[in-house]
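Here is the file start07.txt (compact mmCIF, C-alpha atoms).
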```
# COMPACT_ATOMS: atom_id res chain seq x y z
CA MET A 113 11.91 -59.23 17.83
CA THR A 114 8.38 -58.69 16.60
CA ALA A 115 6.63 -61.85 15.35
CA THR A 116 5.88 -60.38 11.92
CA LEU A 117 8.08 -57.71 10.39
CA PRO A 118 6.80 -55.06 7.95
CA LEU A 119 8.46 -56.54 4.84
CA ASP A 120 7.66 -60.16 5.60
CA GLY A 121 6.87 -61.92 2.30
CA ILE A 122 8.86 -59.52 0.12
CA ARG A 123 11.59 -61.19 -1.96
CA VAL A 124 14.66 -59.17 -2.99
CA ILE A 125 17.31 -60.34 -5.42
CA GLU A 126 20.49 -58.45 -4.63
CA MET A 127 23.36 -58.30 -7.09
CA SER A 128 25.67 -55.77 -5.49
CA HIS A 129 29.03 -55.41 -3.81
CA MET A 130 31.08 -53.09 -1.56
CA VAL A 131 28.81 -51.02 0.77
CA MET A 132 26.03 -49.01 -0.90
CA GLY A 133 23.90 -51.80 -2.37
CA PRO A 134 24.66 -54.29 0.43
CA ALA A 135 23.67 -51.68 3.05
CA CYS A 136 20.29 -51.36 1.35
CA GLY A 137 19.84 -55.13 1.37
CA MET A 138 20.96 -55.39 5.00
CA ILE A 139 18.32 -52.90 6.14
CA LEU A 140 15.64 -54.68 4.08
CA VAL A 141 16.58 -57.97 5.78
CA GLN A 142 16.15 -56.42 9.20
CA LEU A 143 12.73 -55.14 8.17
CA GLY A 144 11.72 -58.69 7.29
CA ALA A 145 12.43 -59.12 3.57
CA GLU A 146 13.98 -62.27 2.13
CA VAL A 147 17.17 -61.04 0.45
CA ILE A 148 18.92 -63.43 -1.90
CA LYS A 149 22.45 -62.28 -2.65
CA VAL A 150 23.73 -63.40 -6.05
CA GLU A 151 27.50 -63.84 -6.01
CA PRO A 152 30.01 -65.05 -8.61
CA PRO A 153 31.39 -68.56 -8.00
CA THR A 154 34.49 -67.00 -6.41
CA GLY A 155 32.32 -64.93 -4.06
CA ASP A 156 31.68 -61.23 -3.55
CA LYS A 157 35.09 -59.53 -3.72
CA THR A 158 34.53 -57.88 -0.34
CA ARG A 159 34.51 -61.31 1.36
CA ASP A 160 38.30 -61.24 1.34
CA LEU A 161 38.97 -57.59 2.17
CA ARG A 162 41.22 -56.90 5.13
CA GLY A 163 42.25 -53.80 7.08
CA MET A 164 39.48 -51.18 7.19
CA GLY A 165 37.49 -53.33 4.75
CA THR A 166 37.41 -56.36 7.05
CA SER A 167 33.92 -55.53 8.27
CA PHE A 168 32.34 -54.76 4.88
CA PHE A 169 31.03 -58.19 3.94
CA PRO A 170 30.04 -59.52 7.38
CA LEU A 171 28.37 -56.30 8.55
CA PHE A 172 26.39 -55.48 5.42
CA ASN A 173 25.42 -59.01 4.40
CA ARG A 174 24.06 -60.46 7.63
CA GLY A 175 20.85 -62.41 7.29
CA LYS A 176 20.98 -62.77 3.51
CA LYS A 177 20.84 -65.98 1.51
CA SER A 178 23.77 -66.66 -0.81
CA VAL A 179 23.40 -68.07 -4.33
CA THR A 180 26.32 -68.42 -6.74
CA LEU A 181 25.89 -67.89 -10.48
CA ASP A 182 28.45 -67.35 -13.22
CA LEU A 183 26.85 -64.67 -15.39
CA LYS A 184 29.39 -65.34 -18.15
CA ASP A 185 27.67 -68.72 -18.52
CA GLU A 186 24.52 -68.51 -20.64
CA ASN A 187 22.61 -71.04 -18.54
CA ASP A 188 23.46 -69.28 -15.28
CA LEU A 189 22.38 -65.96 -16.79
CA LYS A 190 19.06 -67.53 -17.76
CA THR A 191 18.75 -68.85 -14.21
CA LEU A 192 19.24 -65.35 -12.82
CA HIS A 193 16.48 -64.03 -15.09
CA LYS A 194 14.18 -66.79 -13.81
CA LEU A 195 15.10 -65.93 -10.24
CA ILE A 196 14.36 -62.25 -10.81
CA GLY A 197 10.98 -63.32 -12.14
CA THR A 198 10.12 -64.64 -8.65
CA ALA A 199 11.10 -61.38 -6.92
CA ASP A 200 9.45 -58.17 -5.83
CA VAL A 201 12.70 -56.18 -5.96
CA PHE A 202 15.92 -56.39 -7.95
CA LEU A 203 18.73 -54.50 -6.20
CA GLU A 204 21.97 -53.82 -8.07
CA ASN A 205 24.94 -51.45 -8.20
CA PHE A 206 26.66 -52.27 -11.49
CA ARG A 207 27.50 -50.08 -14.45
CA ASP A 208 24.60 -49.50 -16.83
CA GLN A 209 26.57 -50.85 -19.80
CA THR A 210 27.34 -54.12 -18.00
CA LEU A 211 23.68 -54.65 -17.16
CA GLU A 212 22.58 -53.94 -20.73
CA LYS A 213 24.90 -56.63 -22.10
CA GLN A 214 23.28 -59.16 -19.75
CA GLY A 215 19.71 -58.04 -20.37
CA LEU A 216 19.53 -56.87 -16.76
CA ASP A 217 18.95 -53.19 -17.47
CA ALA A 218 15.69 -51.69 -16.24
CA SER A 219 13.98 -51.40 -19.62
CA SER A 220 14.65 -55.06 -20.45
CA LEU A 221 13.57 -56.34 -17.05
CA GLN A 222 10.40 -54.26 -16.97
CA LYS A 223 9.22 -55.76 -20.27
CA SER A 224 9.21 -59.26 -18.82
CA ASN A 225 8.49 -58.25 -15.20
CA PRO A 226 6.14 -55.23 -15.23
CA ASN A 227 5.52 -55.43 -11.48
CA LEU A 228 9.24 -55.59 -10.59
CA ILE A 229 10.82 -52.81 -8.55
CA ILE A 230 14.38 -52.16 -9.71
CA ALA A 231 16.71 -50.27 -7.37
CA GLY A 232 19.96 -49.29 -9.08
CA HIS A 233 22.60 -47.87 -6.74
CA LYS A 234 24.88 -45.76 -8.93
CA GLY A 235 27.67 -43.23 -8.69
CA PHE A 236 25.52 -40.50 -10.20
CA LEU A 237 21.93 -39.88 -11.17
CA SER A 238 21.08 -39.32 -14.84
CA GLY A 239 23.07 -36.48 -16.39
CA PRO A 240 26.54 -35.56 -17.67
CA TYR A 241 28.33 -37.70 -15.06
CA GLU A 242 26.06 -40.76 -15.13
CA ALA A 243 28.68 -43.05 -16.71
CA ARG A 244 31.47 -42.08 -14.30
CA PRO A 245 32.60 -44.51 -11.63
CA ALA A 246 32.41 -43.16 -8.09
CA LEU A 247 33.54 -44.02 -4.59
CA ASP A 248 32.53 -42.54 -1.26
CA GLU A 249 35.76 -40.55 -1.04
CA VAL A 250 35.37 -39.31 -4.64
CA VAL A 251 31.95 -37.80 -4.02
CA GLN A 252 32.98 -36.35 -0.67
CA MET A 253 35.74 -34.47 -2.47
CA MET A 254 33.49 -33.40 -5.36
CA SER A 255 30.60 -32.22 -3.22
CA GLY A 256 32.56 -30.07 -0.78
CA LEU A 257 31.83 -32.37 2.15
CA ALA A 258 35.54 -33.15 2.56
CA MET A 259 36.36 -29.42 2.45
CA MET A 260 33.73 -28.72 5.11
CA THR A 261 35.14 -31.52 7.30
CA GLY A 262 38.76 -30.41 6.91
CA SER A 263 39.68 -27.35 4.86
CA LYS A 264 40.26 -26.28 1.27
CA ASP A 265 43.98 -27.02 1.64
CA LYS A 266 43.53 -30.24 3.64
CA PRO A 267 40.18 -31.83 2.77
CA LEU A 268 39.21 -34.75 5.01
CA ARG A 269 36.70 -37.47 4.24
CA VAL A 270 34.16 -38.30 6.91
CA GLY A 271 35.47 -41.15 9.05
CA SER A 272 32.99 -43.77 7.83
CA SER A 273 31.35 -44.91 4.58
CA ALA A 274 28.72 -42.25 5.25
CA ASN A 275 27.54 -41.67 1.69
CA ASP A 276 27.47 -45.37 0.83
CA ILE A 277 25.35 -46.14 3.88
CA MET A 278 23.13 -43.13 3.20
CA GLY A 279 22.71 -44.35 -0.38
CA GLY A 280 21.51 -47.68 0.96
CA MET A 281 19.04 -45.86 3.20
CA PHE A 282 17.65 -43.88 0.27
CA GLY A 283 17.38 -47.17 -1.59
CA VAL A 284 15.25 -48.57 1.22
CA ILE A 285 13.06 -45.45 1.35
CA SER A 286 12.51 -45.61 -2.40
CA ILE A 287 11.77 -49.33 -2.40
CA ILE A 288 9.20 -49.03 0.38
CA ALA A 289 7.55 -46.11 -1.44
CA ALA A 290 7.47 -48.15 -4.68
CA LEU A 291 6.00 -51.17 -2.89
CA TRP A 292 3.26 -48.95 -1.47
CA GLU A 293 2.52 -47.48 -4.91
CA ARG A 294 2.46 -50.96 -6.45
CA GLU A 295 -0.32 -51.92 -4.07
CA LYS A 296 -2.46 -49.29 -5.85
CA THR A 297 -1.23 -49.58 -9.44
CA GLY A 298 0.12 -53.12 -9.75
CA LYS A 299 3.14 -51.70 -11.53
CA GLY A 300 6.82 -51.75 -10.61
CA LYS A 301 9.22 -48.84 -10.64
CA ASN A 302 12.70 -48.07 -11.95
CA ILE A 303 14.64 -46.41 -9.10
CA ARG A 304 18.09 -44.86 -9.44
CA ILE A 305 20.01 -43.78 -6.33
CA GLY A 306 23.09 -41.56 -6.73
CA LEU A 307 26.11 -41.63 -4.45
CA PHE A 308 27.14 -38.12 -5.50
CA GLU A 309 23.64 -36.79 -4.93
CA ASN A 310 23.71 -38.24 -1.40
CA ALA A 311 26.75 -36.08 -0.73
CA LEU A 312 24.99 -33.06 -2.25
CA PHE A 313 22.06 -33.67 0.08
CA MET A 314 24.45 -33.62 3.04
CA VAL A 315 25.98 -30.26 2.04
CA ALA A 316 22.70 -28.71 0.90
CA GLN A 317 22.52 -26.54 4.03
CA HIS A 318 25.82 -24.88 3.06
CA MET A 319 24.79 -24.47 -0.58
CA VAL A 320 21.53 -22.80 0.47
CA GLN A 321 23.35 -20.59 2.98
CA PHE A 322 25.55 -19.27 0.16
CA ASP A 323 22.57 -18.86 -2.18
CA LEU A 324 20.76 -16.77 0.44
CA THR A 325 23.68 -14.73 1.75
CA GLY A 326 26.46 -14.82 -0.85
CA VAL A 327 28.90 -15.71 1.94
CA PRO A 328 31.22 -18.63 1.04
CA SER A 329 31.12 -21.74 3.20
CA THR A 330 33.54 -21.93 6.12
CA PRO A 331 35.08 -25.35 6.93
CA MET A 332 33.86 -26.71 10.26
CA PRO A 333 37.26 -26.37 12.00
CA GLU A 334 37.37 -22.67 11.03
CA ARG A 335 33.70 -21.84 11.48
CA THR A 336 32.37 -18.95 13.50
CA HIS A 337 30.65 -20.43 16.53
CA ALA A 338 26.90 -20.07 16.76
CA TRP A 339 26.72 -20.80 20.51
CA PRO A 340 28.30 -19.37 23.68
CA VAL A 341 29.84 -22.74 24.63
CA TYR A 342 30.23 -25.45 21.99
CA ASP A 343 33.68 -26.78 22.71
CA ILE A 344 35.93 -29.63 23.78
CA PHE A 345 37.52 -29.34 27.23
CA ASP A 346 40.44 -31.19 28.82
CA THR A 347 40.01 -32.90 32.20
CA SER A 348 42.55 -33.50 34.95
CA ASP A 349 42.97 -37.18 34.02
CA GLY A 350 43.81 -36.52 30.37
CA GLU A 351 40.34 -37.13 28.90
CA LYS A 352 38.39 -34.80 26.63
CA VAL A 353 34.72 -33.84 26.99
CA PHE A 354 32.48 -31.89 24.61
CA ILE A 355 30.00 -29.46 26.20
CA GLY A 356 27.22 -27.51 24.52
CA VAL A 357 25.60 -24.51 26.24
CA VAL A 358 23.13 -23.22 23.67
CA THR A 359 20.03 -21.85 25.40
CA GLU A 360 19.35 -19.19 28.03
CA GLY A 361 18.43 -21.92 30.49
CA HIS A 362 21.65 -23.81 29.74
CA TRP A 363 23.71 -20.68 30.35
CA ASN A 364 22.11 -19.95 33.71
CA ILE A 365 22.41 -23.55 34.92
CA PHE A 366 26.00 -23.86 33.72
CA CYS A 367 27.20 -20.63 35.34
CA LYS A 368 25.46 -21.37 38.65
CA SER A 369 26.59 -24.99 38.86
CA PHE A 370 30.23 -24.34 37.94
CA ASP A 371 30.60 -21.24 40.14
CA LEU A 372 30.95 -18.65 37.39
CA PRO A 373 29.16 -15.58 38.83
CA GLU A 374 31.51 -13.29 36.92
CA LEU A 375 29.89 -14.57 33.71
CA MET A 376 26.32 -14.72 34.93
CA GLU A 377 26.31 -11.24 36.43
CA ASN A 378 28.29 -9.52 33.69
CA GLU A 379 26.18 -6.84 31.98
CA ASP A 380 28.13 -7.39 28.78
CA LEU A 381 26.94 -11.03 28.60
CA LYS A 382 23.18 -10.60 28.83
CA THR A 383 22.31 -11.98 25.37
CA ALA A 384 23.43 -15.02 23.41
CA THR A 385 25.02 -12.71 20.82
CA ASP A 386 26.98 -10.96 23.58
CA ARG A 387 28.27 -14.30 24.84
CA ILE A 388 29.26 -15.50 21.37
CA GLU A 389 31.17 -12.31 20.70
CA ALA A 390 32.93 -12.65 24.06
CA ARG A 391 34.12 -16.24 23.49
CA SER A 392 37.74 -15.08 23.16
CA TRP A 393 37.87 -14.48 26.93
CA THR A 394 34.96 -16.52 28.32
CA ILE A 395 36.10 -19.88 26.94
CA PRO A 396 39.62 -19.67 28.49
CA LEU A 397 37.98 -18.82 31.80
CA ILE A 398 35.65 -21.81 31.52
CA ARG A 399 38.57 -24.07 30.58
CA GLU A 400 40.38 -23.01 33.74
CA LYS A 401 37.26 -23.69 35.85
CA LEU A 402 36.72 -27.18 34.39
CA ALA A 403 40.36 -28.31 34.37
CA PRO A 404 40.40 -29.71 37.97
CA PHE A 405 37.54 -32.15 37.21
CA THR A 406 38.21 -35.73 36.21
CA ALA A 407 36.24 -36.93 33.19
CA THR A 408 33.97 -39.07 35.36
CA GLU A 409 33.25 -36.20 37.74
CA LEU A 410 32.51 -33.79 34.92
CA LEU A 411 30.32 -36.22 32.96
CA GLU A 412 28.28 -37.13 36.03
CA LYS A 413 27.70 -33.48 36.87
CA LEU A 414 26.72 -32.55 33.31
CA GLU A 415 24.28 -35.46 33.14
CA ALA A 416 22.68 -34.42 36.45
CA LEU A 417 22.27 -30.90 35.06
CA ALA A 418 20.73 -32.21 31.79
CA LEU A 419 23.24 -30.24 29.72
CA PRO A 420 24.41 -31.50 26.29
CA PHE A 421 27.74 -33.32 26.64
CA ALA A 422 29.79 -36.16 25.24
CA ARG A 423 32.95 -38.04 26.10
CA ILE A 424 35.28 -38.08 23.08
CA ASN A 425 35.28 -41.76 22.13
CA ALA A 426 36.91 -44.02 19.59
CA PRO A 427 34.49 -46.47 17.92
CA GLU A 428 35.89 -49.38 19.95
CA ASP A 429 35.11 -47.53 23.17
CA LEU A 430 31.41 -48.02 22.45
CA PHE A 431 31.69 -51.69 23.41
CA ASP A 432 31.98 -50.44 27.01
CA ASP A 433 29.22 -47.83 26.82
CA PRO A 434 26.28 -48.63 29.14
CA HIS A 435 23.67 -47.42 26.65
CA VAL A 436 25.15 -49.46 23.80
CA LEU A 437 25.29 -52.44 26.18
CA ARG A 438 21.62 -52.08 27.21
CA PRO A 439 19.48 -55.15 26.43
CA GLY A 440 19.11 -55.21 22.66
CA GLY A 441 21.68 -52.49 21.99
CA LEU A 442 24.05 -54.89 20.27
CA VAL A 443 23.31 -58.02 18.28
CA THR A 444 25.68 -60.95 17.77
CA SER A 445 26.16 -62.60 14.38
CA ARG A 446 28.07 -65.69 13.35
CA HIS A 447 30.81 -65.36 10.75
CA PRO A 448 31.46 -68.11 8.16
CA ASP A 449 34.87 -68.74 9.75
CA GLY A 450 33.09 -69.86 12.93
CA GLY A 451 33.67 -66.72 14.96
CA THR A 452 31.15 -64.16 16.09
CA PHE A 453 30.99 -60.37 16.07
CA ARG A 454 28.80 -57.73 17.66
CA SER A 455 27.19 -54.83 15.83
CA PRO A 456 24.70 -52.08 16.70
CA VAL A 457 21.01 -52.67 16.12
CA LEU A 458 19.12 -50.88 13.37
CA PRO A 459 18.54 -47.38 14.82
CA ILE A 460 14.77 -47.73 15.10
CA GLU A 461 12.31 -49.51 17.36
CA LEU A 462 8.99 -50.99 16.24
CA ASP A 463 6.46 -51.10 19.07
CA GLY A 464 9.41 -50.87 21.43
CA GLN A 465 11.22 -53.80 19.83
CA HIS A 466 14.70 -53.58 18.31
CA LEU A 467 15.61 -55.30 15.05
CA GLY A 468 18.48 -57.40 13.80
CA GLU A 469 18.83 -60.47 16.01
CA ASP A 470 19.84 -63.89 14.67
CA LEU A 471 21.22 -62.58 11.38
CA ASP A 472 24.31 -64.55 10.43
CA VAL A 473 26.73 -64.12 7.54
CA PRO A 474 26.00 -66.66 4.78
CA LEU A 475 28.53 -69.14 3.52
CA LEU A 476 29.25 -68.70 -0.16
CA GLY A 477 26.54 -70.55 -2.11
CA ALA A 478 24.90 -71.82 1.07
CA ASP A 479 21.41 -71.48 -0.39
CA ASN A 480 21.98 -72.80 -3.90
CA ASP A 481 20.06 -76.00 -3.30
CA GLU A 482 17.07 -74.29 -1.67
CA ILE A 483 16.68 -71.34 -4.03
CA LEU A 484 17.77 -72.88 -7.33
CA GLY A 485 16.02 -76.14 -6.50
CA GLU A 486 12.83 -74.15 -6.05
CA LEU A 487 13.29 -72.72 -9.57
CA ASP A 488 13.75 -76.22 -11.00
CA LYS A 489 10.51 -77.38 -9.38
CA VAL A 490 8.62 -74.44 -10.87
CA GLY A 491 10.12 -75.16 -14.30
CA ASN A 492 9.27 -78.84 -14.15
CA SER A 493 5.69 -78.22 -13.06
CA ALA A 494 5.24 -75.72 -15.89
```
What is this structure when it is put down as structure tokens?
Amino acid sequence: MTATLPLDGIRVIEMSHMVMGPACGMILVQLGAEVIKVEPPTGDKTRDLRGMGTSFFPLFNRGKKSVTLDLKDENDLKTLHKLIGTADVFLENFRDQTLEKQGLDASSLQKSNPNLIIAGHKGFLSGPYEARPALDEVVQMMSGLAMMTGSKDKPLRVGSSANDIMGGMFGVISIIAALWEREKTGKGKNIRIGLFENALFMVAQHMVQFDLTGVPSTPMPERTHAWPVYDIFDTSDGEKVFIGVVTEGHWNIFCKSFDLPELMENEDLKTATDRIEARSWTIPLIREKLAPFTATELLEKLEALALPFARINAPEDLFDDPHVLRPGGLVTSRHPDGGTFRSPVLPIELDGQHLGEDLDVPLLGADNDEILGELDKVGNSA
């Protein structure tokens, strides 16, 4: 890890739960910020999730400091306001009305902390829906993303908390931009990030396509292919491999290497458009040619040819992937129960260095003495 990270010296007070806000804080931690997570005395409710929610708290809260405050208690609420006064960023994902009752809304905080950057992770940006609650699955259904992934009759959500994580990323982008602006103006910024608008951003290409052509969007499983070969093929040992043949060079290499002269020499297949229109008979022929290969044989050959390909994996399969297992590809964190878990590094490198090592999951209230004791010292000296 680099000796000094870009956000070293930046203090973030995070009052958020579930995935969107915590993902933002987790990325900020890996970029070097001190992130102090404020939890109720009983702990963030995602600490105890099980099933598909088991990973939420440990994954998205690594490396943070934990402070417990009961915001129904007047003294604890005052303590939180003092703590925010020491911060560069206040990160939250609560309902606007709840924050107003506690004096934690942006307008109130900016009066007492004009240089504070406030990053509110919400269901919707300002507008008719701004007071609605939202979840990742809700906005995927609303935005058409679920329809594009499945179909109109059987919409399917994307198989991860994609919008929540993307919302956290937009939070980070906005915070870094506001920190840069503050260097010039000395003033903070009120940032609002919308979960629904993240989903809109992801389907914008389909919205624009319709606006330009008037042709309704086609769900991905029913789409008209834009490439001669862009398909999943079965191998002799029961595996599945995706292959993409999208350029003229790809086509020539593929046909030569897999002994398909009848495709390469066919006068009716001279252009990419010809090949796309002929998929009804070329793809079955290619399937027949590839069927004798084992997955390992096929993958090795495709890699040697520098053609786009992928084994069809489950997430757990990635723990055996040589690229994921490269030095620095995974980081290990300690869980409060004493166990450990591995997770992928942040998907960037800084001067060739990966980020995210030595970030453990905090025990509930583990940093009360350090952080709140620091506030007491400041108050006493004043």
Quick one: distance from atom CA of A:Glu212 to atom CA of A:Lys184 in Å, one decimal?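 Between atom CA of A:Glu212 and atom CA of A:Lys184 the gap works out to 13.5 Å.
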Selection near A:Leu372, 12 Å with only C-alpha atoms, sequence-local residues under 3 positions removed, as an MDAnalysis selection string: chainID A and resid 363:369 375:378 394:395 397:402
Find the smallest box with edges along x, y and z containing every listed atom of stretch 416-429 of chain A, then add 5 Å on each side and report centre and edge lengths in Å to one decimal, as AutoDock Vina command-line options.
```
--center_x 28.8 --center_y -39.8 --center_z 27.2 --size_x 26.2 --size_y 29.1 --size_z 28.5
```
Nearest candidate to A:Arg159 (options A:Leu487, A:Met132, A:Leu476, A:Leu411; using all atoms listed in the file): A:Leu476
Please identify all polymer residues lying at most 7 Å from the point (38.8, -35.6, 33.1) (file coordinates), using all atoms listed in the file, and present the result as a ChimeraX atom specification. /A:346-352,405-408,410
For A:His233, which of A:Ile424, A:Val270, A:Ile344, A:Met127 is the closest residue, counting all atoms listed in the file? A:Met127
Give as a compact mmCIF listing (two decimals) with C-alpha atoms, in the coordinates of the input each residue that has an atom at most 12 Å from (22.3, -22.4, 22.9) in the file, counting all atoms listed in the file.
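Now in point.txt:
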```txt
# COMPACT_ATOMS: atom_id res chain seq x y z
CA HIS A 337 30.65 -20.43 16.53
CA ALA A 338 26.90 -20.07 16.76
CA TRP A 339 26.72 -20.80 20.51
CA PRO A 340 28.30 -19.37 23.68
CA VAL A 341 29.84 -22.74 24.63
CA TYR A 342 30.23 -25.45 21.99
CA ILE A 355 30.00 -29.46 26.20
CA GLY A 356 27.22 -27.51 24.52
CA VAL A 357 25.60 -24.51 26.24
CA VAL A 358 23.13 -23.22 23.67
CA THR A 359 20.03 -21.85 25.40
CA GLU A 360 19.35 -19.19 28.03
CA GLY A 361 18.43 -21.92 30.49
CA HIS A 362 21.65 -23.81 29.74
CA TRP A 363 23.71 -20.68 30.35
CA ASN A 364 22.11 -19.95 33.71
CA PHE A 366 26.00 -23.86 33.72
CA THR A 383 22.31 -11.98 25.37
CA ALA A 384 23.43 -15.02 23.41
CA THR A 385 25.02 -12.71 20.82
CA ARG A 387 28.27 -14.30 24.84
CA ILE A 388 29.26 -15.50 21.37
CA LEU A 419 23.24 -30.24 29.72
CA PRO A 420 24.41 -31.50 26.29
```
Between atom CA of A:Val201 and atom CA of A:Glu249, what distance in Å does the model show, to one decimal?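 Separation between atom CA of A:Val201 and atom CA of A:Glu249: 28.3 Å.
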Leaving out A:Gly441 and any residue of its chain fewer than 3 positions from it, which residues lie within 12 Å of it when counting all atoms listed in the file, given as a list in words? Leu430, Phe431, Asp432, Asp433, Pro434, His435, Val436, Leu437, Arg438, Thr444, Arg454, Ser455, Pro456, Val457, Leu458, Pro459, Ile460, Glu461, Gln465, His466, Leu467, Gly468 and Glu469 of chain A
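Neighbouring residues of stretch 295-303 of chain A at 7 Å or closer, counting only C-alpha atoms and skipping chain neighbours under 6 positions away, are Ala218, Pro226, Asn227, Leu228, Ile229, Ile230, Ala231 and Gly232 of chain A.
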